[in-house]
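File shown here: data20.cif, holding mmCIF, C-alpha atoms and all ligand atoms.
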data_run
loop_
_atom_site.label_atom_id
_atom_site.label_comp_id
_atom_site.auth_asym_id
_atom_site.auth_seq_id
_atom_site.Cartn_x
_atom_site.Cartn_y
_atom_site.Cartn_z
CA MET F 1 -41.77 17.68 -8.95
CA ILE F 2 -42.24 17.75 -12.70
CA ILE F 3 -41.10 14.91 -14.95
CA ALA F 4 -41.19 15.69 -18.68
CA ILE F 5 -41.54 12.88 -21.19
CA ASP F 6 -41.27 13.95 -24.81
CA GLY F 7 -40.79 12.17 -28.10
CA PRO F 8 -42.42 11.30 -31.44
CA SER F 9 -45.71 9.43 -31.91
CA GLY F 10 -45.78 5.77 -31.05
CA ALA F 11 -42.47 5.61 -29.18
CA GLY F 12 -44.23 4.30 -26.09
CA LYS F 13 -44.41 7.59 -24.22
CA SER F 14 -47.99 7.11 -23.02
CA THR F 15 -47.42 3.65 -21.62
CA VAL F 16 -44.17 4.69 -19.98
CA ALA F 17 -45.59 7.93 -18.55
CA ARG F 18 -48.70 6.17 -17.25
CA LEU F 19 -46.79 3.33 -15.56
CA LEU F 20 -44.19 5.71 -14.18
CA SER F 21 -46.80 8.03 -12.68
CA LYS F 22 -48.43 5.02 -10.98
CA GLU F 23 -45.14 3.79 -9.63
CA LEU F 24 -44.23 7.20 -8.22
CA GLY F 25 -47.77 8.11 -7.12
CA PHE F 26 -47.64 11.17 -9.36
CA GLU F 27 -50.37 12.68 -11.47
CA TYR F 28 -50.28 11.76 -15.17
CA ILE F 29 -51.01 14.45 -17.73
CA ASP F 30 -51.38 13.48 -21.39
CA THR F 31 -50.95 16.77 -23.27
CA GLY F 32 -51.50 15.13 -26.68
CA ALA F 33 -55.08 14.40 -25.58
CA MET F 34 -55.69 18.16 -25.36
CA TYR F 35 -54.67 18.73 -28.98
CA ARG F 36 -56.68 15.69 -29.98
CA ALA F 37 -59.79 16.99 -28.19
CA LEU F 38 -59.53 20.30 -30.06
CA ALA F 39 -59.03 18.44 -33.35
CA TYR F 40 -62.07 16.30 -32.54
CA LYS F 41 -64.23 19.36 -31.99
CA ALA F 42 -63.10 20.95 -35.27
CA TYR F 43 -63.65 17.64 -37.05
CA ILE F 44 -67.19 16.97 -35.86
CA GLN F 45 -68.24 20.58 -36.30
CA GLY F 46 -66.68 20.82 -39.77
CA ILE F 47 -64.47 23.73 -38.75
CA GLU F 48 -61.53 24.34 -41.06
CA ILE F 49 -58.13 24.14 -39.37
CA ASN F 50 -56.56 27.57 -39.80
CA GLU F 51 -55.58 30.37 -37.37
CA ILE F 52 -58.75 32.41 -37.87
CA GLU F 53 -61.35 29.66 -37.61
CA ILE F 54 -59.62 27.93 -34.73
CA ALA F 55 -59.01 31.17 -32.81
CA GLU F 56 -62.76 31.70 -33.03
CA MET F 57 -63.48 28.14 -31.88
CA LEU F 58 -61.13 28.51 -28.91
CA LYS F 59 -63.17 31.41 -27.57
CA THR F 60 -65.99 29.03 -26.71
CA THR F 61 -63.97 25.90 -25.97
CA ASN F 62 -63.16 24.48 -22.59
CA ILE F 63 -60.38 21.92 -22.20
CA ASN F 64 -59.75 20.19 -18.91
CA TYR F 65 -57.78 17.16 -17.77
CA TYR F 66 -58.19 15.22 -14.55
CA ASP F 67 -58.08 11.62 -13.30
CA ASN F 68 -56.27 10.59 -16.51
CA GLN F 69 -59.23 11.75 -18.60
CA ILE F 70 -59.66 14.54 -21.12
CA TYR F 71 -62.74 16.77 -21.03
CA LEU F 72 -63.96 18.86 -23.95
CA ASP F 73 -66.62 21.42 -23.01
CA GLY F 74 -67.41 19.33 -19.93
CA GLU F 75 -67.74 16.04 -21.83
CA ASN F 76 -65.33 13.14 -21.34
CA VAL F 77 -63.98 12.51 -24.87
CA GLU F 78 -61.18 10.12 -23.92
CA SER F 79 -62.59 7.29 -26.06
CA LEU F 80 -63.39 9.46 -29.09
CA ILE F 81 -60.01 10.94 -29.97
CA ARG F 82 -57.74 8.04 -30.97
CA GLU F 83 -58.78 7.42 -34.58
CA GLU F 84 -56.30 8.10 -37.37
CA ALA F 85 -58.39 10.95 -38.82
CA ILE F 86 -58.23 12.71 -35.46
CA SER F 87 -54.49 11.99 -35.15
CA LEU F 88 -53.82 13.79 -38.41
CA ALA F 89 -56.13 16.67 -37.54
CA ALA F 90 -54.41 16.94 -34.13
CA SER F 91 -51.04 17.18 -35.81
CA LYS F 92 -52.39 19.99 -38.00
CA ILE F 93 -54.15 21.89 -35.22
CA SER F 94 -51.16 21.63 -32.89
CA ALA F 95 -49.05 23.61 -35.38
CA LEU F 96 -51.17 26.74 -34.83
CA LYS F 97 -49.66 29.41 -32.60
CA VAL F 98 -52.97 30.38 -31.05
CA VAL F 99 -53.58 26.76 -30.07
CA ARG F 100 -50.12 26.22 -28.60
CA GLU F 101 -50.29 29.36 -26.50
CA LYS F 102 -53.61 28.38 -24.98
CA MET F 103 -52.69 24.72 -24.38
CA VAL F 104 -49.34 25.56 -22.79
CA GLU F 105 -51.10 27.95 -20.42
CA ILE F 106 -53.62 25.26 -19.44
CA GLN F 107 -50.88 22.65 -18.99
CA ARG F 108 -48.87 24.89 -16.68
CA LYS F 109 -51.96 25.64 -14.62
CA ILE F 110 -53.01 22.00 -14.31
CA ALA F 111 -49.54 20.86 -13.21
CA ALA F 112 -48.80 23.80 -10.92
CA ASN F 113 -47.84 22.75 -7.38
CA LYS F 114 -48.22 19.07 -8.20
CA ASN F 115 -46.02 16.07 -8.57
CA ALA F 116 -46.74 15.22 -12.17
CA VAL F 117 -45.51 13.25 -15.15
CA LEU F 118 -46.33 15.22 -18.29
CA GLU F 119 -46.19 13.59 -21.66
CA GLY F 120 -45.98 15.46 -24.97
CA ARG F 121 -43.65 17.00 -27.52
CA ASP F 122 -42.56 20.29 -25.96
CA ILE F 123 -42.79 19.66 -22.21
CA GLY F 124 -39.04 19.81 -21.57
CA THR F 125 -38.41 22.61 -24.06
CA ILE F 126 -41.37 25.01 -23.72
CA VAL F 127 -43.97 24.03 -21.11
CA PHE F 128 -41.58 23.24 -18.26
CA PRO F 129 -38.02 24.08 -19.32
CA ASP F 130 -37.06 23.82 -15.63
CA ALA F 131 -38.61 20.35 -15.16
CA ASP F 132 -36.80 18.28 -12.53
CA TYR F 133 -36.27 15.43 -14.99
CA LYS F 134 -36.54 15.27 -18.77
CA PHE F 135 -36.64 12.16 -20.89
CA PHE F 136 -36.86 11.96 -24.67
CA ILE F 137 -38.30 8.64 -25.74
CA THR F 138 -37.94 7.52 -29.32
CA ALA F 139 -37.83 4.43 -31.58
CA SER F 140 -37.46 3.74 -35.31
CA VAL F 141 -40.42 4.89 -37.42
CA GLU F 142 -41.16 1.28 -38.51
CA GLU F 143 -41.28 0.07 -34.91
CA ARG F 144 -43.45 3.00 -33.87
CA ALA F 145 -45.87 2.33 -36.74
CA ARG F 146 -45.99 -1.35 -35.81
CA ARG F 147 -46.90 -0.51 -32.21
CA ARG F 148 -49.55 2.01 -33.22
CA TYR F 149 -50.99 -0.53 -35.64
CA GLU F 150 -51.22 -3.18 -32.89
CA GLN F 151 -52.84 -0.64 -30.59
CA LEU F 152 -55.46 0.33 -33.18
CA LYS F 153 -56.14 -3.32 -33.91
CA ALA F 154 -56.56 -4.06 -30.21
CA ASN F 155 -59.04 -1.19 -29.99
CA LYS F 156 -60.87 -2.70 -32.98
CA LEU F 157 -60.30 0.36 -35.16
CA LYS F 158 -60.13 -0.32 -38.90
CA THR F 159 -56.63 0.11 -40.29
CA ASP F 160 -53.67 -1.48 -42.09
CA TYR F 161 -49.94 -1.25 -41.41
CA ALA F 162 -48.99 0.60 -44.63
CA ASN F 163 -51.46 3.37 -43.84
CA VAL F 164 -50.31 3.68 -40.28
CA LEU F 165 -46.66 3.88 -41.40
CA ASN F 166 -47.51 6.54 -43.98
CA ASP F 167 -49.46 8.59 -41.44
CA MET F 168 -46.62 8.25 -38.96
CA ILE F 169 -44.09 9.59 -41.47
CA LYS F 170 -46.44 12.47 -42.29
CA ARG F 171 -47.00 13.29 -38.64
CA ASP F 172 -43.28 13.12 -37.83
CA LYS F 173 -42.68 15.63 -40.58
CA ASN F 174 -45.49 17.95 -39.42
CA ASP F 175 -44.46 17.75 -35.78
CA SER F 176 -40.76 18.34 -36.30
CA THR F 177 -40.83 20.99 -39.03
CA ARG F 178 -43.62 23.25 -37.74
CA GLN F 179 -42.67 26.83 -36.93
CA PHE F 180 -43.91 26.95 -33.34
CA SER F 181 -42.52 24.52 -30.76
CA PRO F 182 -41.35 21.82 -33.18
CA LEU F 183 -40.62 18.41 -31.71
CA LYS F 184 -37.04 18.73 -30.51
CA MET F 185 -35.11 17.10 -27.72
CA ALA F 186 -34.21 19.43 -24.85
CA GLU F 187 -30.45 19.72 -24.48
CA ASP F 188 -30.61 18.46 -20.93
CA ALA F 189 -32.97 15.53 -21.63
CA VAL F 190 -31.98 11.88 -21.29
CA LEU F 191 -32.43 10.09 -24.64
CA ILE F 192 -34.00 6.62 -24.54
CA ASP F 193 -34.39 4.53 -27.72
CA THR F 194 -37.13 1.96 -27.09
CA SER F 195 -36.84 0.13 -30.46
CA LYS F 196 -35.44 -2.94 -28.75
CA MET F 197 -36.60 -2.37 -25.19
CA GLU F 198 -39.70 -3.53 -23.37
CA LEU F 199 -41.61 -0.51 -22.09
CA THR F 200 -41.61 -1.95 -18.55
CA GLU F 201 -37.80 -1.93 -18.77
CA VAL F 202 -37.90 1.72 -19.74
CA VAL F 203 -40.06 2.52 -16.70
CA LYS F 204 -37.63 0.66 -14.45
CA TYR F 205 -34.72 2.54 -15.97
CA ILE F 206 -36.37 5.94 -15.46
CA ALA F 207 -37.51 5.17 -11.91
CA GLY F 208 -33.98 3.96 -11.15
CA TYR F 209 -32.48 7.06 -12.71
CA ILE F 210 -34.66 9.32 -10.58
CA GLY F 211 -34.12 7.26 -7.43
CA GLY F 212 -30.37 7.19 -8.06
CA ASN F 213 -30.32 10.93 -8.01
CA ASN F 214 -31.58 10.76 -4.41
CA VAL F 215 -34.64 12.86 -5.06
CA LEU F 216 -37.26 10.28 -4.04
O1 LIG C 301 -49.10 12.23 -28.38
P1 LIG C 301 -50.27 12.24 -29.35
O2 LIG C 301 -50.02 11.38 -30.56
O3 LIG C 301 -51.55 11.91 -28.68
O4 LIG C 301 -50.37 13.77 -29.85
C1 LIG C 301 -51.33 14.18 -30.79
C2 LIG C 301 -50.77 15.34 -31.61
O5 LIG C 301 -50.59 16.49 -30.80
C3 LIG C 301 -49.43 15.06 -32.28
O6 LIG C 301 -49.50 15.30 -33.67
C4 LIG C 301 -48.46 16.05 -31.71
C5 LIG C 301 -49.29 17.04 -30.98
N1 LIG C 301 -48.74 17.39 -29.68
C6 LIG C 301 -48.01 18.54 -29.58
O7 LIG C 301 -47.81 19.23 -30.58
N2 LIG C 301 -47.52 18.94 -28.38
C7 LIG C 301 -47.72 18.19 -27.28
N3 LIG C 301 -47.21 18.60 -26.10
C8 LIG C 301 -48.45 16.99 -27.37
C9 LIG C 301 -48.94 16.61 -28.60
#
Using structure tokens, write down the structure from this file.
Ligand code: DC
Amino acid sequence: MIIAIDGPSGAGKSTVARLLSKELGFEYIDTGAMYRALAYKAYIQGIEINEIEIAEMLKTTNINYYDNQIYLDGENVESLIREEAISLAASKISALKVVREKMVEIQRKIAANKNAVLEGRDIGTIVFPDADYKFFITASVEERARRRYEQLKANKLKTDYANVLNDMIKRDKNDSTRQFSPLKMAEDAVLIDTSKMELTEVVKYIAGYIGGNNVL
């Protein structure tokens, strides 16, 4: 069974997808981490983010995801990809067609024949349009920026709220206006606004929704 969880940055997708996968005993696949890992590689190697340079980089790049961890060329980079500079680079790199094609292929392979919760932007629209369940999780941009800010602070990364809000607005624009697979809710997805909801409530709601449909 495939459960697709899409939505903009900072809406609580990761927390919800992680908790939900635990509750259901499903695998959790964070597709954003794949774009972040590519952005990280370009960033540390000083590779410019455009179709030509990145197509070249992809030829010698290996992306893998297992046990909730992202691997770049065999190295676990989970703890290296959450900084704001990488977030912006990930947003830029994820707009490239060559990148999307390769990542979608990897995501389909990793989730094939599994019970999995996949989290991203285009899971319900492009990666698994036939997913068993689709949820689109969103919240106001101010609330999303506030949550991201708290998260960065908790991880002891240097930041301030105004910057995070600005970056969030920029990323929203990049993600939803790009030519290939823009962030868009699938027509058959269930919309959940988490602005005023605890994320544990959201998990309960989704698990109940799935259970209520007599699939589990
Ligand atoms: O979910 P996240 O913030 O870790 O994602 C990082 C970037 O990758 C974000 O700018 C959107 C992009 N992304 C995407 O284009 N498609 C996905 N399925 C997941 C993430």
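Note that the spacing between atom CA of Ala116 of chain F and atom CA of Tyr28 of chain F amounts to 5.8 Å.
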*Which neighbours of Phe180 of chain F fall inside 12 Å, counting all atoms listed in the file, when residues of the same chain fewer than 4 positions from it are skipped, and could you give them as a ChimeraX atom specification?*
/F:92-101,104,121-122,125-126,174-176,184
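Of note, atom CA of Ala90 of chain F and atom CA of Ala42 of chain F are spaced 9.6 Å apart.
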Can you pull out every residue within 12 Å of Pro129 of chain F, counting only C-alpha atoms, but drop anything in the same chain fewer than 3 positions away, and send it as a CSV table (one decimal) with C-alpha atoms, keeping the file's coordinate frame?
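Writing the result to part-v1.csv gives the following:
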chain,number,residue,atom,x,y,z
F,2,ILE,CA,-42.2,17.8,-12.7
F,3,ILE,CA,-41.1,14.9,-15.0
F,4,ALA,CA,-41.2,15.7,-18.7
F,5,ILE,CA,-41.5,12.9,-21.2
F,6,ASP,CA,-41.3,14.0,-24.8
F,104,VAL,CA,-49.3,25.6,-22.8
F,108,ARG,CA,-48.9,24.9,-16.7
F,122,ASP,CA,-42.6,20.3,-26.0
F,123,ILE,CA,-42.8,19.7,-22.2
F,124,GLY,CA,-39.0,19.8,-21.6
F,125,THR,CA,-38.4,22.6,-24.1
F,126,ILE,CA,-41.4,25.0,-23.7
F,132,ASP,CA,-36.8,18.3,-12.5
F,133,TYR,CA,-36.3,15.4,-15.0
F,134,LYS,CA,-36.5,15.3,-18.8
F,185,MET,CA,-35.1,17.1,-27.7
F,186,ALA,CA,-34.2,19.4,-24.8
F,187,GLU,CA,-30.4,19.7,-24.5
F,188,ASP,CA,-30.6,18.5,-20.9
F,189,ALA,CA,-33.0,15.5,-21.6
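Residue nearest ligand LIG 301 (chain C), chosen from F:Lys41, F:Arg18, F:Lys170, F:Arg146 and counting all atoms listed in the file: F:Lys170.
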*So, counting only C-alpha atoms, which residue among F:Gln45, F:Asn115, F:Ser9, F:Thr61 is closest to Ser21 of chain F?*
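Once distances to Ser21 of chain F are computed over only C-alpha atoms, the minimum belongs to F:Asn115.
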*asked:* Given only C-alpha atoms as the basis, pick out the residue of F:Asp160, F:Glu105, F:Ser87, F:Met168 nearest to Ser140 of chain F.
replied: F:Met168
*For ligand LIG 301 (chain C), which of F:Ala17, F:Ile86, F:Ala33, F:Ile49 is the closest residue, counting only C-alpha atoms and all ligand atoms?*
F:Ala33
_Set the distance at 12 Å and use all atoms listed in the file: which residues neighbour Lys204 of chain F once local chain neighbours fewer than 2 positions away are removed? I'd like the list as a list in words._
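Listed by chain and then number, they are Val16, Ala17, Leu19, Leu20, Ser21, Glu23, Leu24, Met197, Glu198, Leu199, Thr200, Glu201, Val202, Ile206, Ala207, Gly208, Tyr209, Ile210, Gly211 and Gly212 of chain F.
Atom pair atom CA of Tyr149 of chain F / atom CA of Leu183 of chain F has a distance of 21.9 Å (rounded to one decimal).
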*Pick the closest to ligand LIG 301 (chain C) from F:Arg148, F:Lys22, F:Arg171, F:Lys114: which is it, counting all atoms listed in the file?*
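Of the candidates, the smallest distance to ligand LIG 301 (chain C) is held by F:Arg171.
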*Would you kindly return, as a PyMOL selection string, each protein, DNA or RNA residue with an atom no farther than 8 Å from any atom of Thr138 of chain F, considering all atoms listed in the file and excluding same-chain residues fewer than 6 positions away?*
chain F and resi 7-8+11-12+191-195
With all atoms of segment 186-190 of chain F from the file as input, state the centre and edge lengths in Å to one decimal of the axis-aligned box that has 8 Å extra on each side, as AutoDock Vina command-line options.
--center_x -32.3 --center_y 15.8 --center_z -22.9 --size_x 19.8 --size_y 23.8 --size_z 19.9
Place all heavy atoms on segment 155-166 of chain F and deliver the coordinates as a compact mmCIF listing (two decimals), in the frame of the given file.
# COMPACT_ATOMS: atom_id res chain seq x y z
N ASN F 155 -57.86 -2.03 -30.28
CA ASN F 155 -59.04 -1.19 -29.99
C ASN F 155 -60.13 -1.37 -31.05
O ASN F 155 -61.08 -0.60 -31.11
CB ASN F 155 -58.65 0.28 -29.92
CG ASN F 155 -57.81 0.57 -28.70
OD1 ASN F 155 -57.88 -0.15 -27.71
ND2 ASN F 155 -56.99 1.61 -28.77
N LYS F 156 -59.90 -2.35 -31.95
CA LYS F 156 -60.87 -2.70 -32.98
C LYS F 156 -61.16 -1.54 -33.94
O LYS F 156 -62.28 -1.37 -34.43
CB LYS F 156 -62.18 -3.21 -32.36
CG LYS F 156 -61.98 -4.36 -31.38
CD LYS F 156 -63.12 -5.34 -31.42
CE LYS F 156 -62.94 -6.60 -30.63
NZ LYS F 156 -61.69 -6.88 -29.97
N LEU F 157 -60.13 -0.73 -34.19
CA LEU F 157 -60.30 0.36 -35.16
C LEU F 157 -59.77 -0.15 -36.50
O LEU F 157 -58.74 -0.82 -36.56
CB LEU F 157 -59.54 1.61 -34.72
CG LEU F 157 -60.07 2.25 -33.43
CD1 LEU F 157 -59.14 3.34 -32.94
CD2 LEU F 157 -61.46 2.85 -33.68
N LYS F 158 -60.49 0.17 -37.57
CA LYS F 158 -60.13 -0.32 -38.90
C LYS F 158 -58.84 0.34 -39.38
O LYS F 158 -58.71 1.55 -39.34
CB LYS F 158 -61.25 0.06 -39.87
CG LYS F 158 -61.95 -1.12 -40.48
CD LYS F 158 -62.41 -0.75 -41.86
CE LYS F 158 -63.83 -1.11 -42.13
NZ LYS F 158 -64.54 -0.13 -42.87
N THR F 159 -57.88 -0.48 -39.83
CA THR F 159 -56.63 0.11 -40.29
C THR F 159 -55.75 -0.94 -40.98
O THR F 159 -56.03 -2.12 -40.89
CB THR F 159 -55.86 0.70 -39.10
OG1 THR F 159 -54.70 1.35 -39.58
CG2 THR F 159 -55.45 -0.35 -38.09
N ASP F 160 -54.69 -0.51 -41.69
CA ASP F 160 -53.67 -1.48 -42.09
C ASP F 160 -52.29 -0.83 -41.89
O ASP F 160 -52.16 0.39 -41.80
CB ASP F 160 -53.89 -2.00 -43.52
CG ASP F 160 -53.67 -0.95 -44.56
OD1 ASP F 160 -52.52 -0.50 -44.72
OD2 ASP F 160 -54.66 -0.57 -45.22
N TYR F 161 -51.27 -1.70 -41.82
CA TYR F 161 -49.94 -1.25 -41.41
C TYR F 161 -49.38 -0.16 -42.34
O TYR F 161 -48.83 0.84 -41.88
CB TYR F 161 -48.97 -2.43 -41.33
CG TYR F 161 -47.56 -2.01 -41.03
CD1 TYR F 161 -47.20 -1.63 -39.74
CD2 TYR F 161 -46.60 -1.93 -42.04
CE1 TYR F 161 -45.91 -1.20 -39.45
CE2 TYR F 161 -45.30 -1.50 -41.76
CZ TYR F 161 -44.97 -1.14 -40.47
OH TYR F 161 -43.70 -0.69 -40.19
N ALA F 162 -49.56 -0.36 -43.66
CA ALA F 162 -48.99 0.60 -44.63
C ALA F 162 -49.55 2.00 -44.39
O ALA F 162 -48.81 3.00 -44.44
CB ALA F 162 -49.26 0.13 -46.05
N ASN F 163 -50.84 2.06 -44.11
CA ASN F 163 -51.46 3.37 -43.84
C ASN F 163 -50.92 4.00 -42.58
O ASN F 163 -50.64 5.20 -42.54
CB ASN F 163 -52.98 3.19 -43.65
CG ASN F 163 -53.71 3.25 -44.96
OD1 ASN F 163 -53.18 3.77 -45.94
ND2 ASN F 163 -54.91 2.70 -44.98
N VAL F 164 -50.79 3.17 -41.56
CA VAL F 164 -50.31 3.68 -40.28
C VAL F 164 -48.88 4.22 -40.44
O VAL F 164 -48.54 5.29 -39.94
CB VAL F 164 -50.37 2.59 -39.18
CG1 VAL F 164 -49.78 3.10 -37.87
CG2 VAL F 164 -51.80 2.15 -38.95
N LEU F 165 -48.05 3.46 -41.19
CA LEU F 165 -46.66 3.88 -41.40
C LEU F 165 -46.63 5.21 -42.17
O LEU F 165 -45.89 6.14 -41.80
CB LEU F 165 -45.89 2.80 -42.18
CG LEU F 165 -44.43 3.13 -42.50
CD1 LEU F 165 -43.61 3.32 -41.23
CD2 LEU F 165 -43.79 2.03 -43.36
N ASN F 166 -47.45 5.30 -43.20
CA ASN F 166 -47.51 6.54 -43.98
C ASN F 166 -47.92 7.73 -43.14
O ASN F 166 -47.32 8.80 -43.22
CB ASN F 166 -48.57 6.38 -45.08
CG ASN F 166 -47.90 6.27 -46.41
OD1 ASN F 166 -46.80 6.79 -46.59
ND2 ASN F 166 -48.54 5.58 -47.34
